[in-house]
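Novice: Handing you this structure, nothing more for now.
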Amino acid sequence: MTDNSLANLLISGVAGLTRDLIDTLPVAWRHRPRTNNGYDFDDDQLVTASKAAMLLSQPLILAGEPGVGKTSFARALAHKLELPFLPPIHVKSTTSGMDLFYSFNEVARFRDASNPSSTAGLLDYVVLSSLGRAIVLSAGPDAVVRLTEKGPDALFGGAYHGLESSQEVTLGQLFAYVFRDAGDVSHPQRSIVLVDELDKAPRDAPNDVLAEFEDMRFTISELGITLQAAPETFPVVLITSNSERSFPDAFLRRSVFHWIETPTDARLCRIIASASAADGTLSPSDPLVTSAVDYFMMIRKTIENKKPSTAELISFVSALAAAGVQPTETISDAHPKVRAFKGILMKTRIDLEAE
């Protein structure tokens with residue numbers, strides 16, 4: 001009988017390149033549902049830095065290698081503080097400073113301008129980012145915004161209900177969906193926002209929004225309105241960085257900074273055991289886990305180019321487990337499956353050949 005198990009298909013060379021492989025692939029560890037209540041708050045300096053940032057109403061910059069727990073900390077902090085965790089803002093090389101707060105769909109507006117039957121108002125082209133939403137939630141649905149440049153007919157379009165052109169409107173009227181998506185919030189609410197890998201943005205992007213970050217206030221120029229968070233419910237903003245480039249000094253002066261060190265061996269074992277196995281079958285004390293951590297640390301000390309990160313170690317152990325390596329096995333260079341999956345840890349030809 002043919003063995004079509006995932007473990008066998010992964011190690012059987014070209015014979016394993018079948019539809020059965022596709023049908024048996026598990027969800028990769030990065031895409032599994034995340035739990036927050038199991039996070040280990042064992043870094044006292046990190047905890048203190050987060051408290052300082054909240055005390056000062058400043059962003060907390062979390063820097064460190066990929067996989068050391070920057071994003072996990074943000075999710076776990078929200079869980080610990082019982083605050084809403086808004087969808088992370090994933091920064092790109094094209095992200096501008098104001099993109100961190102909102103975007104305006106000029107293409108859709110141009111398209112609708114030539115459509116006589118369009119009833120869209122300017123509000124229909126505004127997309128608030130999680131940071132923009134956090135500011136709106138902080139101010140609350142009853143916060144008043146004065147329409148000084150655009151009348152309500154221009155803003156609301158077909159949803160215009162005859163408000164006076166100089167009428168003040170509430171955030172609940174302008175952005176009802178924000179409060180609805182947050183669970184029909186009826187009062188000002190503090191939330192946690194993660195700006196992920198801000199160092200990918202152009203260097204001037206943080207400089208362009210210094211005042212916006214400091215005051216949690218931004219202007220939607222297309223609507224002629226300014227939104228500002230309430231000081232009592234300032235959003236908790238966490239910014240991650242893989243140190244691809246340094247932040248401007250002016251931005252750093254307005255932030256709290258913490259570097260997350262590569263976890264200790266014991267903590268790495270806990271991280272690997274909880275993240276690598278989809279079915280929770282790995283324990284921090286399993287020989288597979290402890291020997292994988294030893295192998296990882298040995299590689300970090302010996303290779304000269306791109307040193308593997310914690311995230312790559314998780315992927316490495318996840319691949320070994322999927323390929324049938326048992327929790328009771330000890331791995332080393334001599335293990336055939338280790339040799340097969342070295343490319344998960346080593347990312348240059350020189351390092352692979354050196355091994």
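Within each chain, counting starts at residue 1; across the structure tokens, chains are named A, B, ... in the order shown, with ligands numbered 1 upward in that order.
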Write out as a list in words the set of residues from range 143-335 of chain A that DSSP, computed on the backbone, places in strand (DSSP E).
Specialist: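 Result set for range 143-335 of chain A (strand (DSSP E)): Val144, Val145, Arg146, Glu168, Val169, Thr170, Ile192, Val193, Leu194, Val195, Asp196, Arg217, Phe218, Thr219, Ile220, Ile225, Thr226, Leu227, Gln228, Val236, Val237, Leu238, Ile239, Thr240, Ser241, Val256, Phe257, His258 and Trp259 of chain A.
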Novice: Would you put the residues from that selection into a file with N, CA and C atoms, as a CSV table (one decimal), in the first residue's frame?
Specialist:
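And here is the file that came out, part_0.csv:
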chain,number,residue,atom,x,y,z
A,144,VAL,N,-17.8,66.0,18.6
A,144,VAL,CA,-18.3,66.9,17.5
A,144,VAL,C,-17.2,67.4,16.6
A,145,VAL,N,-17.5,67.3,15.3
A,145,VAL,CA,-16.6,67.8,14.3
A,145,VAL,C,-17.4,68.9,13.5
A,146,ARG,N,-16.7,70.1,13.4
A,146,ARG,CA,-17.4,71.2,12.6
A,146,ARG,C,-17.0,71.1,11.2
A,168,GLU,N,-22.7,71.1,12.8
A,168,GLU,CA,-21.7,70.3,13.4
A,168,GLU,C,-22.2,68.9,13.4
A,169,VAL,N,-21.3,68.0,13.1
A,169,VAL,CA,-21.7,66.6,13.1
A,169,VAL,C,-20.9,65.8,14.0
A,170,THR,N,-21.3,64.6,14.4
A,170,THR,CA,-20.6,63.8,15.4
A,170,THR,C,-19.8,62.7,14.6
A,192,ILE,N,-5.4,49.3,21.2
A,192,ILE,CA,-4.0,49.1,20.9
A,192,ILE,C,-3.8,48.9,19.4
A,193,VAL,N,-2.8,49.6,18.8
A,193,VAL,CA,-2.5,49.6,17.4
A,193,VAL,C,-1.1,49.2,17.2
A,194,LEU,N,-0.9,48.3,16.3
A,194,LEU,CA,0.5,47.8,15.9
A,194,LEU,C,0.8,48.3,14.6
A,195,VAL,N,1.9,49.2,14.5
A,195,VAL,CA,2.4,49.6,13.2
A,195,VAL,C,3.6,48.7,12.9
A,196,ASP,N,3.4,47.7,12.0
A,196,ASP,CA,4.4,46.7,11.8
A,196,ASP,C,5.5,47.0,10.8
A,217,ARG,N,-3.5,63.2,16.4
A,217,ARG,CA,-4.4,64.1,15.7
A,217,ARG,C,-4.0,64.2,14.2
A,218,PHE,N,-5.0,64.1,13.3
A,218,PHE,CA,-4.7,64.2,11.9
A,218,PHE,C,-5.8,64.9,11.1
A,219,THR,N,-5.5,65.5,10.0
A,219,THR,CA,-6.5,66.2,9.2
A,219,THR,C,-6.7,65.4,7.9
A,220,ILE,N,-8.0,65.1,7.6
A,220,ILE,CA,-8.3,64.6,6.3
A,220,ILE,C,-8.6,65.7,5.4
A,225,ILE,N,-11.6,68.2,7.6
A,225,ILE,CA,-11.9,68.0,9.0
A,225,ILE,C,-10.7,67.5,9.7
A,226,THR,N,-10.6,67.7,11.0
A,226,THR,CA,-9.5,67.2,11.8
A,226,THR,C,-10.0,66.4,12.9
A,227,LEU,N,-9.4,65.2,13.1
A,227,LEU,CA,-9.8,64.3,14.1
A,227,LEU,C,-8.7,64.2,15.2
A,228,GLN,N,-9.1,64.1,16.4
A,228,GLN,CA,-8.1,64.1,17.5
A,228,GLN,C,-8.6,63.1,18.6
A,236,VAL,N,-2.9,53.2,22.5
A,236,VAL,CA,-1.6,52.6,22.8
A,236,VAL,C,-1.0,52.1,21.5
A,237,VAL,N,0.1,52.8,21.1
A,237,VAL,CA,0.7,52.5,19.8
A,237,VAL,C,2.0,51.8,19.9
A,238,LEU,N,2.1,50.6,19.3
A,238,LEU,CA,3.4,49.9,19.3
A,238,LEU,C,3.9,49.9,17.9
A,239,ILE,N,5.2,50.1,17.7
A,239,ILE,CA,5.8,50.1,16.4
A,239,ILE,C,6.9,49.1,16.4
A,240,THR,N,6.9,48.2,15.4
A,240,THR,CA,8.0,47.2,15.3
A,240,THR,C,9.0,47.7,14.3
A,241,SER,N,10.2,47.2,14.5
A,241,SER,CA,11.3,47.5,13.6
A,241,SER,C,12.3,46.3,13.5
A,256,VAL,N,9.3,55.9,23.1
A,256,VAL,CA,10.0,55.0,24.0
A,256,VAL,C,10.6,53.8,23.2
A,257,PHE,N,11.8,53.5,23.4
A,257,PHE,CA,12.5,52.5,22.6
A,257,PHE,C,12.9,51.3,23.5
A,258,HIS,N,12.7,50.1,22.9
A,258,HIS,CA,13.1,48.9,23.6
A,258,HIS,C,13.7,47.9,22.6
A,259,TRP,N,14.9,47.3,22.8
A,259,TRP,CA,15.4,46.3,21.9
A,259,TRP,C,15.2,45.0,22.6
Novice: Quick one: residues within 6 Å of range 311-313 of chain A, only C-alpha atoms, excluding same-chain residues fewer than 6 positions away - as a short mmCIF file (atom, residue, chain, number, x, y, z; two decimals) with N, CA and C atoms, in the first residue's frame?
Specialist:
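Saved to part.cif:
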data_model
loop_
_atom_site.label_atom_id
_atom_site.label_comp_id
_atom_site.auth_asym_id
_atom_site.auth_seq_id
_atom_site.Cartn_x
_atom_site.Cartn_y
_atom_site.Cartn_z
N PRO A 66 13.75 39.33 13.49
CA PRO A 66 12.45 38.70 13.22
C PRO A 66 12.25 37.47 14.10
N GLY A 67 11.05 37.36 14.65
CA GLY A 67 10.71 36.18 15.42
C GLY A 67 10.99 36.26 16.90
N LEU A 345 17.36 27.61 7.42
CA LEU A 345 18.18 28.38 8.37
C LEU A 345 19.27 29.20 7.69
#
Novice: Quick one: pull the distance between CA of Ala322 in chain A and CA of Leu17 in chain A, Å, one decimal.
Specialist: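 Taking CA of Ala322 in chain A as the start and CA of Leu17 in chain A as the end point, the length is 15.6 Å.
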Novice: Looking at A:Asp351, A:His90, A:Gly324, A:Arg253, which one is nearest to Leu6 in chain A, with distances taken over only C-alpha atoms?
Specialist: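 Smallest distance to Leu6 in chain A is found for A:Gly324.
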Novice: Give the alpha helix (DSSP H) residues of range 162-336 of chain A, as assigned by DSSP on the backbone, as an NGL selection string.
Specialist: :A and (171-174 or 176-181 or 204-208 or 210-215 or 249-253 or 265-276 or 287-302 or 310-322 or 336)
Novice: Choose the residue, out of A:Glu261, A:Asp208, A:Asp44, A:Glu244, that has the smallest atom-to-atom separation from Gly69 in chain A; count only C-alpha atoms.
Specialist: A:Glu261
Novice: Can you list, as a PyMOL selection string, every protein, DNA or RNA residue that comes within 7 Å of Pro235 in chain A when you count only C-alpha atoms, leaving out same-chain residues fewer than 4 positions away?
Specialist: chain A and resi 134-135+138+190-192
Novice: Would you mind reading off the distance between CA of Arg254 in chain A and CA of Phe234 in chain A, one decimal, in Å?
Specialist: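 According to the coordinates, CA of Arg254 in chain A and CA of Phe234 in chain A are separated by 14.8 Å.
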Novice: Point out the residue among A:Phe247, A:Phe316, A:Phe110, A:Tyr177 with the least atom-to-atom distance to Lys200 in chain A, counting only C-alpha atoms.
Specialist: A:Phe247
Novice: Quick one: residues within 10 Å of Arg109 in chain A, only C-alpha atoms counted, chain neighbours fewer than 2 positions away excluded, as a list in words?
Specialist: Phe104, Asn105, Glu106, Val107, Arg111, Asp112, Ala113, Ser114, Asn115, Ser118, Ala120, Gly121, Leu122, Asp124 and Tyr125 of chain A
Novice: Just to be explicit: take each residue in the selection above, keep N, CA and C atoms, and write the result as an mmCIF file, in the first residue's frame.
Specialist:
data_model
loop_
_atom_site.group_PDB
_atom_site.id
_atom_site.type_symbol
_atom_site.label_atom_id
_atom_site.label_comp_id
_atom_site.auth_asym_id
_atom_site.auth_seq_id
_atom_site.Cartn_x
_atom_site.Cartn_y
_atom_site.Cartn_z
ATOM 1 N N PHE A 104 -7.184 58.032 0.677
ATOM 2 C CA PHE A 104 -8.319 58.568 -0.082
ATOM 3 C C PHE A 104 -8.252 57.995 -1.490
ATOM 4 N N ASN A 105 -9.323 57.347 -1.921
ATOM 5 C CA ASN A 105 -9.353 56.655 -3.203
ATOM 6 C C ASN A 105 -9.669 57.628 -4.331
ATOM 7 N N GLU A 106 -8.639 58.265 -4.849
ATOM 8 C CA GLU A 106 -8.826 59.239 -5.926
ATOM 9 C C GLU A 106 -9.296 58.571 -7.217
ATOM 10 N N VAL A 107 -8.871 57.335 -7.450
ATOM 11 C CA VAL A 107 -9.264 56.636 -8.670
ATOM 12 C C VAL A 107 -10.772 56.418 -8.696
ATOM 13 N N ARG A 111 -13.569 58.033 -11.228
ATOM 14 C CA ARG A 111 -14.500 57.174 -11.969
ATOM 15 C C ARG A 111 -15.942 57.616 -11.741
ATOM 16 N N ASP A 112 -16.300 57.878 -10.480
ATOM 17 C CA ASP A 112 -17.673 58.247 -10.166
ATOM 18 C C ASP A 112 -18.038 59.640 -10.667
ATOM 19 N N ALA A 113 -17.012 60.489 -10.838
ATOM 20 C CA ALA A 113 -17.294 61.844 -11.312
ATOM 21 C C ALA A 113 -17.904 61.836 -12.706
ATOM 22 N N SER A 114 -17.601 60.803 -13.483
ATOM 23 C CA SER A 114 -18.148 60.710 -14.843
ATOM 24 C C SER A 114 -19.417 59.860 -14.902
ATOM 25 N N ASN A 115 -19.917 59.477 -13.743
ATOM 26 C CA ASN A 115 -21.129 58.656 -13.674
ATOM 27 C C ASN A 115 -22.271 59.486 -13.108
ATOM 28 N N SER A 118 -24.091 58.287 -9.907
ATOM 29 C CA SER A 118 -23.369 58.053 -8.661
ATOM 30 C C SER A 118 -23.893 58.958 -7.555
ATOM 31 N N ALA A 120 -22.309 58.798 -4.476
ATOM 32 C CA ALA A 120 -21.242 58.720 -3.474
ATOM 33 C C ALA A 120 -20.861 60.106 -2.972
ATOM 34 N N GLY A 121 -20.622 60.194 -1.676
ATOM 35 C CA GLY A 121 -20.080 61.412 -1.084
ATOM 36 C C GLY A 121 -18.597 61.248 -0.844
ATOM 37 N N LEU A 122 -17.940 62.314 -0.438
ATOM 38 C CA LEU A 122 -16.499 62.249 -0.219
ATOM 39 C C LEU A 122 -16.118 61.221 0.845
ATOM 40 N N ASP A 124 -17.229 58.370 1.198
ATOM 41 C CA ASP A 124 -17.170 57.024 0.624
ATOM 42 C C ASP A 124 -15.787 56.680 0.079
ATOM 43 N N TYR A 125 -14.940 57.672 -0.122
ATOM 44 C CA TYR A 125 -13.610 57.425 -0.666
ATOM 45 C C TYR A 125 -12.526 57.419 0.409
#
Novice: Can you pull out every residue within 12 Å of Pro308 in chain A, counting only C-alpha atoms, but drop anything in the same chain fewer than 2 positions away, and send it as a ChimeraX atom specification?
Specialist: /A:65-68,262,293,295-306,310-316,342-348,351
Novice: Closest to Leu60 in chain A among A:Leu252, A:Val14, A:Ile331, A:Val289, using only C-alpha atoms?
Specialist: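 So, comparing all the options, the nearest one is A:Leu252.
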Novice: For CA of Pro141 in chain A and CA of Val126 in chain A, quote the distance in Å rounded to one decimal.
Specialist: 17.6 Å
